[in-house]
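Novice: For reference, the file structure_2.txt (compact mmCIF, C-alpha atoms) is included below:
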# COMPACT_ATOMS: atom_id res chain seq x y z
CA MET R 1 65.97 30.01 74.52
CA ALA R 2 63.92 32.60 72.77
CA SER R 3 65.54 35.76 71.55
CA THR R 4 64.29 38.71 73.57
CA TYR R 5 65.86 41.75 71.94
CA GLU R 6 63.87 42.95 68.97
CA LYS R 7 63.93 45.93 66.72
CA ILE R 8 60.51 47.58 66.79
CA ALA R 9 61.14 50.47 64.42
CA THR R 10 63.91 52.52 62.91
CA THR R 11 64.01 55.77 61.01
CA THR R 12 66.42 58.01 59.19
CA LEU R 13 65.40 61.61 58.73
CA GLY R 14 64.97 62.62 55.10
CA SER R 15 64.39 66.22 56.12
CA ALA R 16 65.15 68.16 59.29
CA GLY R 17 62.69 67.33 62.02
CA THR R 18 61.84 65.46 65.17
CA ILE R 19 61.48 61.73 65.68
CA THR R 20 58.36 59.97 66.91
CA PHE R 21 57.80 56.34 67.67
CA SER R 22 54.11 55.67 68.06
CA SER R 23 51.78 52.72 68.65
CA ILE R 24 54.45 51.03 70.76
CA PRO R 25 53.18 47.59 71.79
CA ALA R 26 53.08 46.72 75.50
CA THR R 27 54.58 43.30 74.94
CA TYR R 28 58.13 43.98 76.16
CA THR R 29 59.70 44.55 79.57
CA ASP R 30 61.97 47.47 78.65
CA LEU R 31 62.53 49.72 75.67
CA ARG R 32 65.81 51.00 74.30
CA VAL R 33 66.33 53.88 71.87
CA ILE R 34 69.63 54.49 70.07
CA LEU R 35 70.02 57.79 68.23
CA ASN R 36 72.99 58.77 66.14
CA GLY R 37 72.85 62.20 64.59
CA LYS R 38 73.28 65.92 64.85
CA ASN R 39 71.26 69.06 64.97
CA ALA R 40 69.98 70.91 61.92
CA THR R 41 71.38 74.27 63.03
CA ALA R 42 73.36 75.02 66.20
CA SER R 43 73.95 72.53 68.97
CA ASP R 44 70.88 71.94 71.10
CA TYR R 45 69.75 69.65 73.89
CA ILE R 46 68.13 66.32 73.12
CA VAL R 47 64.83 66.14 75.04
CA VAL R 48 61.99 63.64 75.28
CA ARG R 49 58.25 63.54 75.70
CA PHE R 50 56.04 60.52 76.26
CA ASN R 51 52.45 60.00 75.12
CA GLY R 52 52.15 63.63 73.99
CA ASP R 53 52.22 64.75 77.63
CA THR R 54 53.22 68.44 77.92
CA GLY R 55 52.53 68.64 81.66
CA THR R 56 55.24 69.23 84.25
CA ASN R 57 55.79 65.53 84.81
CA TYR R 58 59.45 65.12 83.88
CA SER R 59 62.59 65.30 85.97
CA GLY R 60 66.15 64.06 85.92
CA THR R 61 69.56 63.91 87.58
CA ASN R 62 72.73 63.76 85.56
CA LEU R 63 76.47 63.26 85.77
CA SER R 64 78.77 64.72 83.12
CA GLY R 65 82.42 65.09 82.24
CA ASN R 66 83.94 67.27 79.55
CA GLY R 67 87.62 66.34 79.65
CA THR R 68 88.39 68.98 82.26
CA SER R 69 85.80 68.72 85.00
CA VAL R 70 82.86 66.68 86.22
CA SER R 71 79.51 68.00 87.35
CA SER R 72 76.03 66.94 88.35
CA TYR R 73 72.74 68.69 87.82
CA THR R 74 69.08 68.04 88.55
CA GLU R 75 65.97 69.20 86.73
CA SER R 76 62.48 69.06 88.23
CA ASN R 77 58.91 69.63 87.05
CA GLY R 78 59.92 69.87 83.41
CA THR R 79 57.48 69.79 80.53
CA LYS R 80 59.90 67.47 78.76
CA GLY R 81 62.71 65.23 79.86
CA TYR R 82 66.12 66.90 79.66
CA TRP R 83 67.76 63.53 79.41
CA GLY R 84 70.35 64.16 76.72
CA ASN R 85 73.03 66.71 76.26
CA TYR R 86 73.81 68.60 73.10
CA ALA R 87 73.28 67.10 69.72
CA LEU R 88 76.14 68.71 67.85
CA GLY R 89 75.29 71.34 65.28
CA SER R 90 75.31 71.24 61.53
CA SER R 91 78.76 72.78 61.27
CA THR R 92 80.41 69.49 62.14
CA THR R 93 80.48 66.11 60.48
CA ILE R 94 80.75 64.45 63.89
CA LEU R 95 77.63 62.82 65.21
CA THR R 96 76.34 62.52 68.75
CA LEU R 97 75.43 59.11 70.12
CA TRP R 98 72.48 59.05 72.51
CA THR R 99 70.82 56.05 74.12
CA MET R 100 67.78 55.78 76.38
CA ASP R 101 66.65 52.72 78.33
CA ILE R 102 63.05 52.88 79.56
CA PHE R 103 62.33 50.39 82.31
CA SER R 104 58.94 48.75 82.84
CA TYR R 105 57.48 51.15 80.28
CA ALA R 106 54.13 49.34 80.24
CA GLY R 107 53.87 49.03 84.01
CA SER R 108 51.62 50.94 86.38
CA THR R 109 54.31 52.82 88.30
CA TYR R 110 56.20 55.98 87.38
CA LYS R 111 58.75 55.41 84.63
CA THR R 112 62.49 55.51 85.25
CA VAL R 113 64.91 55.92 82.34
CA LEU R 114 68.69 55.72 82.06
CA CYS R 115 70.32 57.72 79.26
CA SER R 116 73.81 58.29 77.93
CA THR R 117 75.09 60.98 75.59
CA SER R 118 78.53 60.91 74.01
CA ASN R 119 80.23 63.28 71.61
CA ASN R 120 83.79 64.17 70.83
CA LEU R 121 85.28 66.88 68.64
CA GLY R 122 88.89 66.05 69.30
CA ALA R 123 89.83 68.86 71.63
CA THR R 124 86.37 69.08 73.15
CA GLY R 125 83.62 66.67 73.94
CA GLU R 126 81.40 65.39 76.67
CA VAL R 127 80.00 62.25 78.22
CA LEU R 128 76.72 62.46 80.09
CA ARG R 129 74.75 59.91 82.07
CA THR R 130 71.21 60.72 83.16
CA VAL R 131 68.54 59.10 85.27
CA GLY R 132 65.11 60.43 84.38
CA LEU R 133 61.67 60.11 85.87
CA TYR R 134 58.32 60.42 84.12
CA ARG R 135 55.60 60.79 86.71
CA SER R 136 52.80 58.92 85.01
CA THR R 137 51.39 55.49 85.65
CA ASN R 138 50.21 55.13 82.05
CA ALA R 139 51.93 52.74 79.71
CA ILE R 140 54.22 54.51 77.27
CA THR R 141 52.85 54.17 73.75
CA THR R 142 54.52 57.15 72.07
CA ILE R 143 58.04 58.57 72.30
CA LEU R 144 58.85 61.99 70.86
CA ILE R 145 62.53 62.93 70.60
CA LEU R 146 63.17 66.57 69.84
CA ASN R 147 65.49 69.47 70.54
CA ASP R 148 64.94 71.86 73.40
CA GLY R 149 64.82 74.92 71.15
CA SER R 150 62.69 73.27 68.48
CA THR R 151 65.69 73.43 66.18
CA ASN R 152 65.19 69.95 64.68
CA PHE R 153 67.57 67.14 64.00
CA ALA R 154 69.53 67.20 60.77
CA VAL R 155 68.91 65.11 57.68
CA GLY R 156 70.47 61.67 58.13
CA THR R 157 69.90 61.46 61.86
CA THR R 158 68.99 57.87 62.66
CA ALA R 159 67.03 56.48 65.60
CA THR R 160 66.05 52.92 66.38
CA LEU R 161 63.61 51.62 68.96
CA TYR R 162 64.18 48.17 70.46
CA GLY R 163 62.07 46.05 72.76
CA ILE R 164 63.66 43.82 75.43
CA LYS R 165 61.57 41.06 76.96
CA ALA R 166 62.39 39.23 80.16
CA ALA R 167 61.51 35.56 80.56
CA MET P 1 55.04 50.09 63.07
CA PRO P 2 54.20 53.67 61.94
CA ILE P 3 56.72 56.40 62.52
CA LEU P 4 55.34 59.87 62.23
CA GLY P 5 57.20 62.74 60.65
CA THR P 6 59.95 60.62 59.19
CA VAL P 7 60.78 58.77 56.06
CA ALA P 8 63.13 56.03 55.01
CA SER P 9 63.42 52.64 56.53
CA GLN P 10 60.87 51.15 58.87
CA PHE P 11 61.24 47.73 60.23
CA SER P 12 59.40 45.59 62.70
CA GLY P 13 59.82 42.36 64.50
CA LYS P 14 63.26 41.02 63.61
CA PRO P 15 64.81 39.39 66.69
CA PHE P 16 68.45 39.58 67.69
CA SER P 17 69.37 35.98 68.40
CA SER P 18 72.50 37.00 70.33
CA PHE P 19 70.58 38.47 73.30
CA GLU P 20 68.58 36.01 75.34
CA SER P 21 66.60 36.05 78.57
CA ILE P 22 68.01 33.54 81.08
CA GLN P 23 66.12 34.11 84.34
CA THR P 24 63.89 36.73 85.92
CA ALA P 25 63.09 37.31 89.60
CA THR P 26 60.24 39.47 90.86
CA VAL P 27 60.14 40.20 94.59
CA GLY P 28 56.96 39.19 96.34
CA ALA P 29 55.09 40.55 99.34
CA GLY P 30 57.32 41.02 102.36
CA GLY P 31 60.43 41.63 100.30
CA THR P 32 63.60 39.60 100.12
CA GLY P 33 67.11 39.98 101.50
CA SER P 34 68.80 39.03 98.25
CA VAL P 35 68.24 37.70 94.77
CA THR P 36 70.43 34.94 93.35
CA PHE P 37 70.64 33.75 89.79
CA SER P 38 72.15 30.26 89.92
CA SER P 39 73.12 27.56 87.43
CA ILE P 40 74.05 30.21 84.89
CA PRO P 41 75.07 28.40 81.71
CA ALA P 42 78.50 29.09 80.22
CA THR P 43 77.13 29.39 76.71
CA TYR P 44 77.21 33.16 76.41
CA THR P 45 79.99 35.70 76.10
CA HIS P 46 78.64 38.31 78.50
CA LEU P 47 75.87 38.65 81.04
CA GLN P 48 73.60 41.63 81.61
CA VAL P 49 71.20 42.30 84.46
CA ARG P 50 68.46 44.87 83.99
CA ALA P 51 66.44 45.76 87.06
CA ILE P 52 64.01 48.09 88.76
CA VAL P 53 64.47 48.22 92.52
CA LYS P 54 63.02 49.55 95.74
CA ASN P 55 64.25 49.03 99.28
CA THR P 56 62.00 48.33 102.26
CA ALA P 57 63.82 50.88 104.42
CA ASN P 58 63.59 54.64 104.60
CA ASP P 59 67.25 55.09 103.86
CA ASN P 60 69.38 55.44 100.81
CA GLU P 61 70.57 51.88 100.46
CA GLY P 62 72.92 50.59 97.80
CA ILE P 63 72.81 47.42 95.73
CA ARG P 64 75.77 45.05 95.69
CA PHE P 65 76.88 42.15 93.51
CA ARG P 66 78.66 38.89 94.35
CA PHE P 67 79.67 35.83 92.35
CA ASN P 68 79.62 32.10 93.10
CA GLY P 69 78.84 32.72 96.77
CA ASP P 70 82.25 34.29 97.37
CA THR P 71 82.02 36.62 100.39
CA ALA P 72 85.78 37.09 100.79
CA GLY P 73 87.68 40.26 99.97
CA ASN P 74 88.29 39.31 96.35
CA TYR P 75 86.48 42.23 94.79
CA SER P 76 87.18 45.87 94.06
CA PHE P 77 85.23 48.67 92.44
CA HIS P 78 85.31 52.30 91.41
CA ARG P 79 82.42 54.62 90.77
CA LEU P 80 81.47 58.11 89.65
CA PHE P 81 78.55 59.54 91.55
CA GLY P 82 76.32 62.55 90.93
CA ASP P 83 73.62 63.83 93.27
CA GLY P 84 72.36 66.78 91.27
CA SER P 85 74.72 69.30 92.80
CA SER P 86 78.16 67.72 92.79
CA ALA P 87 80.05 64.84 91.27
CA THR P 88 82.47 62.64 93.19
CA ALA P 89 84.58 59.54 92.67
CA TYR P 90 84.99 56.65 95.08
CA GLY P 91 86.60 53.23 95.15
CA GLU P 92 87.17 50.23 97.38
CA ALA P 93 89.84 47.53 97.24
CA ASN P 94 89.73 44.04 98.75
CA THR P 95 86.04 44.33 99.40
CA SER P 96 83.32 41.69 99.38
CA TYR P 97 81.27 42.88 96.44
CA ALA P 98 81.81 43.96 92.84
CA GLY P 99 80.15 47.31 92.45
CA GLU P 100 77.40 49.25 94.12
CA ALA P 101 74.28 50.64 92.50
CA SER P 102 71.62 52.89 93.97
CA SER P 103 68.26 51.79 95.34
CA SER P 104 65.01 53.66 95.60
CA ASN P 105 63.38 54.21 98.99
CA SER P 106 60.17 52.59 100.08
CA PRO P 107 58.27 55.87 100.79
CA GLN P 108 58.52 56.73 97.10
CA THR P 109 55.48 54.66 96.29
CA ASN P 110 55.60 54.71 92.53
CA ILE P 111 59.30 55.23 91.98
CA PHE P 112 61.85 52.50 91.39
CA SER P 113 65.53 52.96 90.75
CA ALA P 114 66.95 51.24 87.69
CA PHE P 115 70.25 49.66 86.85
CA ILE P 116 72.02 47.89 84.01
CA TYR P 117 74.90 45.66 85.11
CA ASP P 118 77.26 43.86 82.73
CA VAL P 119 79.56 40.96 83.59
CA LEU P 120 82.08 40.68 80.79
CA ASP P 121 83.57 37.40 79.57
CA TYR P 122 82.04 35.75 82.64
CA ALA P 123 82.80 32.16 81.60
CA ASN P 124 86.45 32.66 80.66
CA THR P 125 88.56 30.60 83.07
CA SER P 126 91.80 32.44 82.36
CA LYS P 127 90.67 35.92 83.38
CA TYR P 128 89.57 37.79 86.43
CA LYS P 129 86.06 39.11 85.85
CA THR P 130 85.38 42.74 85.01
CA THR P 131 82.01 44.35 85.50
CA ARG P 132 80.42 47.69 84.73
CA GLY P 133 77.15 49.30 85.59
CA LEU P 134 74.91 52.34 85.36
CA SER P 135 72.20 53.00 87.90
CA GLY P 136 70.10 55.85 89.14
CA LYS P 137 66.97 57.14 90.76
CA ASP P 138 65.19 60.44 90.48
CA PHE P 139 62.58 61.89 92.84
CA ASN P 140 61.74 65.10 90.95
CA GLY P 141 64.17 67.50 92.59
CA SER P 142 66.57 65.04 94.14
CA GLY P 143 68.21 61.84 93.05
CA ASN P 144 71.50 60.25 92.24
CA ILE P 145 73.27 58.46 89.46
CA PHE P 146 76.12 55.94 89.63
CA LEU P 147 78.54 54.93 86.88
CA PHE P 148 80.67 52.10 88.21
CA SER P 149 83.10 49.33 87.36
CA GLY P 150 84.20 46.33 89.37
CA ASN P 151 86.52 43.38 89.42
CA TRP P 152 86.34 39.87 90.89
CA ARG P 153 89.78 38.38 91.30
CA ASN P 154 88.88 34.82 90.40
CA THR P 155 89.35 32.87 87.18
CA ALA P 156 86.39 30.56 87.77
CA ALA P 157 83.45 30.83 85.44
CA VAL P 158 80.61 32.80 87.00
CA THR P 159 77.82 30.32 87.65
CA SER P 160 75.83 32.30 90.20
CA LEU P 161 75.22 35.98 90.77
CA THR P 162 73.83 37.33 94.02
CA ILE P 163 72.35 40.82 94.25
CA LEU P 164 71.76 42.22 97.70
CA PRO P 165 71.02 45.55 99.37
CA THR P 166 73.53 47.14 101.70
CA GLN P 167 70.86 47.01 104.41
CA ASP P 168 67.28 45.82 104.85
CA SER P 169 65.51 44.13 101.93
CA PHE P 170 64.42 44.59 98.37
CA ALA P 171 60.78 45.62 98.33
CA GLN P 172 57.85 43.99 96.60
CA TYR P 173 57.67 44.39 92.81
CA SER P 174 61.41 44.91 92.46
CA GLN P 175 62.33 42.99 89.34
CA PHE P 176 65.67 41.58 88.19
CA ALA P 177 66.17 40.11 84.73
CA LEU P 178 69.32 38.24 83.70
CA TYR P 179 70.25 38.12 80.02
CA GLY P 180 72.97 36.34 78.10
CA ILE P 181 74.78 38.00 75.21
CA LYS P 182 76.48 35.82 72.64
CA GLY P 183 79.62 36.68 70.72
CA SER P 184 80.06 36.10 67.04
Kindly present the structure from the file in structure tokens form.
Specialist:
Amino acid sequence: MASTYEKIATTTLGSAGTITFSSIPATYTDLRVILNGKNATASDYIVVRFNGDTGTNYSGTNLSGNGTSVSSYTESNGTKGYWGNYALGSSTTILTLWTMDIFSYAGSTYKTVLCSTSNNLGATGEVLRTVGLYRSTNAITTILILNDGSTNFAVGTTATLYGIKAA
Amino acid sequence: MPILGTVASQFSGKPFSSFESIQTATVGAGGTGSVTFSSIPATYTHLQVRAIVKNTANDNEGIRFRFNGDTAGNYSFHRLFGDGSSATAYGEANTSYAGEASSSNSPQTNIFSAFIYDVLDYANTSKYKTTRGLSGKDFNGSGNIFLFSGNWRNTAAVTSLTILPTQDSFAQYSQFALYGIKGS
């Protein structure tokens, strides 16, 4: 059988900044992004935009645990998808792992994503699972991953985009 | 593949030979009461199902998983659940399905729920089978997310997997894709 999990692109930041995957081909069924990194300054949320869309077309529902309690939160009509929790700040050597699965990204319905964020500092840490919705029927051709406060990811942050193709 | 605003490595097109598509089912007009992947080969280490789902009903229906046609009480599962305002935990023992995911409602025309469901070491005939899953749906202001695990108390290799809604049917354009993941 044919292999159906392919790396489309990967990047490692050489200077603090955001991460963009562009010109994404429509030849897969799903997309998966894996990011391992930290923030350039203080901790800040990992957020997402598709196709350069800054309209209020993003929403999400999450479930999180921090070692003491669990909680759930929903976000509606956002100008970006709040689909990741904190990328840890530059004061630590510990990286945050964030993944995002985008289902039927080239289809003609709204786009549902499933994300996970994990970080641990020993005595503190958090796991987060998020379902997100992007209310657009356009195929996703560009993914921008940034921080909520425009604080940028730190040098060395790595992100890889994969394509998964069903038979 | 151009990557804007970044430097360092860029790579395109290398396949991962350890992740293969086995079967895909897309629901046609009128919906279907269940989806079954059968004759699953034992040549992989793990299985993964990736799906987008709608239900034909107006209710919040779940999605359940069964193996090898076994409808007896040989399953159990636990889940964490968040609905945007609170988080809860739930479990069932001696039940007839291994895990429950969330399904999108039919009135949400353009919105499908999504899930990823893993069946670990599915062909090992000396172990009960452990599963895990993540699913969710969001309707811009409401939604839910499930993180769940399950167990099938049977040492037989999994050769068929049935996915069914708790009530009613899966709606048209729901799509289920079964993948095999090889070990080293």
Novice: Could the residues of region 62-136 of chain R that have an atom at most 7 Å from region 36-49 of chain R be listed as JSON lines, each with its closest atom pair and the distance in Å to one decimal, counting only C-alpha atoms and ordered by chain and ascending residue number?
Specialist:
{"residue": "R:Lys80", "atom": "CA", "partner": "R:Arg49", "partner_atom": "CA", "distance": 5.2}
{"residue": "R:Gly81", "atom": "CA", "partner": "R:Val48", "partner_atom": "CA", "distance": 4.9}
{"residue": "R:Tyr82", "atom": "CA", "partner": "R:Val47", "partner_atom": "CA", "distance": 4.9}
{"residue": "R:Trp83", "atom": "CA", "partner": "R:Val47", "partner_atom": "CA", "distance": 5.9}
{"residue": "R:Gly84", "atom": "CA", "partner": "R:Ile46", "partner_atom": "CA", "distance": 4.7}
{"residue": "R:Asn85", "atom": "CA", "partner": "R:Tyr45", "partner_atom": "CA", "distance": 5.0}
{"residue": "R:Tyr86", "atom": "CA", "partner": "R:Tyr45", "partner_atom": "CA", "distance": 4.3}
{"residue": "R:Ala87", "atom": "CA", "partner": "R:Lys38", "partner_atom": "CA", "distance": 5.0}
{"residue": "R:Leu88", "atom": "CA", "partner": "R:Ser43", "partner_atom": "CA", "distance": 4.5}
{"residue": "R:Gly89", "atom": "CA", "partner": "R:Ser43", "partner_atom": "CA", "distance": 4.1}
{"residue": "R:Ser90", "atom": "CA", "partner": "R:Thr41", "partner_atom": "CA", "distance": 5.2}
{"residue": "R:Leu95", "atom": "CA", "partner": "R:Gly37", "partner_atom": "CA", "distance": 4.9}
{"residue": "R:Thr96", "atom": "CA", "partner": "R:Gly37", "partner_atom": "CA", "distance": 5.4}
{"residue": "R:Leu97", "atom": "CA", "partner": "R:Asn36", "partner_atom": "CA", "distance": 4.7}
{"residue": "R:Trp98", "atom": "CA", "partner": "R:Asn36", "partner_atom": "CA", "distance": 6.4}
Novice: Selection from above, C-alpha atoms, as an mmCIF file, in the coordinates of the input, can you write it?
Specialist:
data_model
loop_
_atom_site.group_PDB
_atom_site.id
_atom_site.type_symbol
_atom_site.label_atom_id
_atom_site.label_comp_id
_atom_site.auth_asym_id
_atom_site.auth_seq_id
_atom_site.Cartn_x
_atom_site.Cartn_y
_atom_site.Cartn_z
ATOM 1 C CA LYS R 80 59.900 67.470 78.760
ATOM 2 C CA GLY R 81 62.710 65.230 79.860
ATOM 3 C CA TYR R 82 66.120 66.900 79.660
ATOM 4 C CA TRP R 83 67.760 63.530 79.410
ATOM 5 C CA GLY R 84 70.350 64.160 76.720
ATOM 6 C CA ASN R 85 73.030 66.710 76.260
ATOM 7 C CA TYR R 86 73.810 68.600 73.100
ATOM 8 C CA ALA R 87 73.280 67.100 69.720
ATOM 9 C CA LEU R 88 76.140 68.710 67.850
ATOM 10 C CA GLY R 89 75.290 71.340 65.280
ATOM 11 C CA SER R 90 75.310 71.240 61.530
ATOM 12 C CA LEU R 95 77.630 62.820 65.210
ATOM 13 C CA THR R 96 76.340 62.520 68.750
ATOM 14 C CA LEU R 97 75.430 59.110 70.120
ATOM 15 C CA TRP R 98 72.480 59.050 72.510
#
Novice: Between CA of Ile63 (chain P) and CA of Ser174 (chain P), what is the spacing in Å?
Specialist: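 Separation of CA of Ser174 (chain P) and CA of Ile63 (chain P): 12.1 Å.
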Novice: Using all atoms listed in the file, can you tell me which of R:Thr56, R:Thr29, R:Asn51, R:Thr10 comes closest to Thr142 (chain R)?
Specialist: R:Asn51
Novice: Quote the spacing between CA of Thr162 (chain P) and CA of Ser142 (chain P) in Å to one decimal place.
Specialist: 28.6 Å
Novice: Based on all atoms listed in the file, which of the residues in chain R come within 8 Å of chain P? I want them as a short mmCIF file (atom, residue, chain, number, x, y, z; two decimals) with C-alpha atoms, in the coordinates of the input.
Specialist:
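After the write, selection-v5.cif holds the following:
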data_model
loop_
_atom_site.label_atom_id
_atom_site.label_comp_id
_atom_site.auth_asym_id
_atom_site.auth_seq_id
_atom_site.Cartn_x
_atom_site.Cartn_y
_atom_site.Cartn_z
CA MET R 1 65.97 30.01 74.52
CA ALA R 2 63.92 32.60 72.77
CA SER R 3 65.54 35.76 71.55
CA THR R 4 64.29 38.71 73.57
CA TYR R 5 65.86 41.75 71.94
CA GLU R 6 63.87 42.95 68.97
CA LYS R 7 63.93 45.93 66.72
CA ILE R 8 60.51 47.58 66.79
CA ALA R 9 61.14 50.47 64.42
CA THR R 10 63.91 52.52 62.91
CA THR R 11 64.01 55.77 61.01
CA THR R 12 66.42 58.01 59.19
CA LEU R 13 65.40 61.61 58.73
CA GLY R 14 64.97 62.62 55.10
CA SER R 15 64.39 66.22 56.12
CA GLY R 17 62.69 67.33 62.02
CA THR R 18 61.84 65.46 65.17
CA ILE R 19 61.48 61.73 65.68
CA THR R 20 58.36 59.97 66.91
CA PHE R 21 57.80 56.34 67.67
CA SER R 22 54.11 55.67 68.06
CA SER R 23 51.78 52.72 68.65
CA ILE R 24 54.45 51.03 70.76
CA TYR R 58 59.45 65.12 83.88
CA SER R 59 62.59 65.30 85.97
CA GLY R 60 66.15 64.06 85.92
CA THR R 61 69.56 63.91 87.58
CA ASN R 62 72.73 63.76 85.56
CA LEU R 63 76.47 63.26 85.77
CA VAL R 70 82.86 66.68 86.22
CA SER R 71 79.51 68.00 87.35
CA SER R 72 76.03 66.94 88.35
CA TYR R 73 72.74 68.69 87.82
CA THR R 74 69.08 68.04 88.55
CA GLU R 75 65.97 69.20 86.73
CA SER R 76 62.48 69.06 88.23
CA ASN R 77 58.91 69.63 87.05
CA PHE R 103 62.33 50.39 82.31
CA SER R 104 58.94 48.75 82.84
CA THR R 109 54.31 52.82 88.30
CA TYR R 110 56.20 55.98 87.38
CA LYS R 111 58.75 55.41 84.63
CA THR R 112 62.49 55.51 85.25
CA VAL R 113 64.91 55.92 82.34
CA LEU R 114 68.69 55.72 82.06
CA ARG R 129 74.75 59.91 82.07
CA THR R 130 71.21 60.72 83.16
CA VAL R 131 68.54 59.10 85.27
CA GLY R 132 65.11 60.43 84.38
CA LEU R 133 61.67 60.11 85.87
CA LYS R 165 61.57 41.06 76.96
CA ALA R 166 62.39 39.23 80.16
CA ALA R 167 61.51 35.56 80.56
#
Novice: Which polymer residues have any atom within 9 Å of an atom of Tyr122 (chain P), counting only C-alpha atoms, with same-chain residues fewer than 4 positions away left out, as a PDB file with C-alpha atoms, in the coordinates of the input?
Specialist:
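And here is the file that came out, selection_5.pdb:
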ATOM      1  CA  ALA P  42      78.500  29.090  80.220  1.00  0.00           C
ATOM      2  CA  TYR P  44      77.210  33.160  76.410  1.00  0.00           C
ATOM      3  CA  THR P  45      79.990  35.700  76.100  1.00  0.00           C
ATOM      4  CA  HIS P  46      78.640  38.310  78.500  1.00  0.00           C
ATOM      5  CA  LEU P  47      75.870  38.650  81.040  1.00  0.00           C
ATOM      6  CA  LYS P 127      90.670  35.920  83.380  1.00  0.00           C
ATOM      7  CA  TYR P 128      89.570  37.790  86.430  1.00  0.00           C
ATOM      8  CA  LYS P 129      86.060  39.110  85.850  1.00  0.00           C
ATOM      9  CA  THR P 130      85.380  42.740  85.010  1.00  0.00           C
ATOM     10  CA  ALA P 156      86.390  30.560  87.770  1.00  0.00           C
ATOM     11  CA  ALA P 157      83.450  30.830  85.440  1.00  0.00           C
ATOM     12  CA  VAL P 158      80.610  32.800  87.000  1.00  0.00           C
ATOM     13  CA  THR P 159      77.820  30.320  87.650  1.00  0.00           C
TER      14      THR P 159
END
Novice: Residues proximal to (87.5, 45.4, 102.0) were defined as those with any atom within 7 Å of that point in the file's coordinates, counting all atoms listed in the file. Which are they, as an MDAnalysis selection string?
Specialist: chainID P and resid 73 92:96
Novice: Could you tell me how far CA of Val33 (chain R) lies from CA of Ile164 (chain R), in Å and to one decimal?
Specialist: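 That distance, rounded to one decimal, is 11.0 Å.
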Novice: Closest to Ile143 (chain R) among R:Asn66, R:Thr92, R:Thr160, R:Asn57, using all atoms listed in the file?
Specialist: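 Going through R:Asn66, R:Thr92, R:Thr160, R:Asn57 one by one, the smallest distance to Ile143 (chain R) is for R:Thr160.
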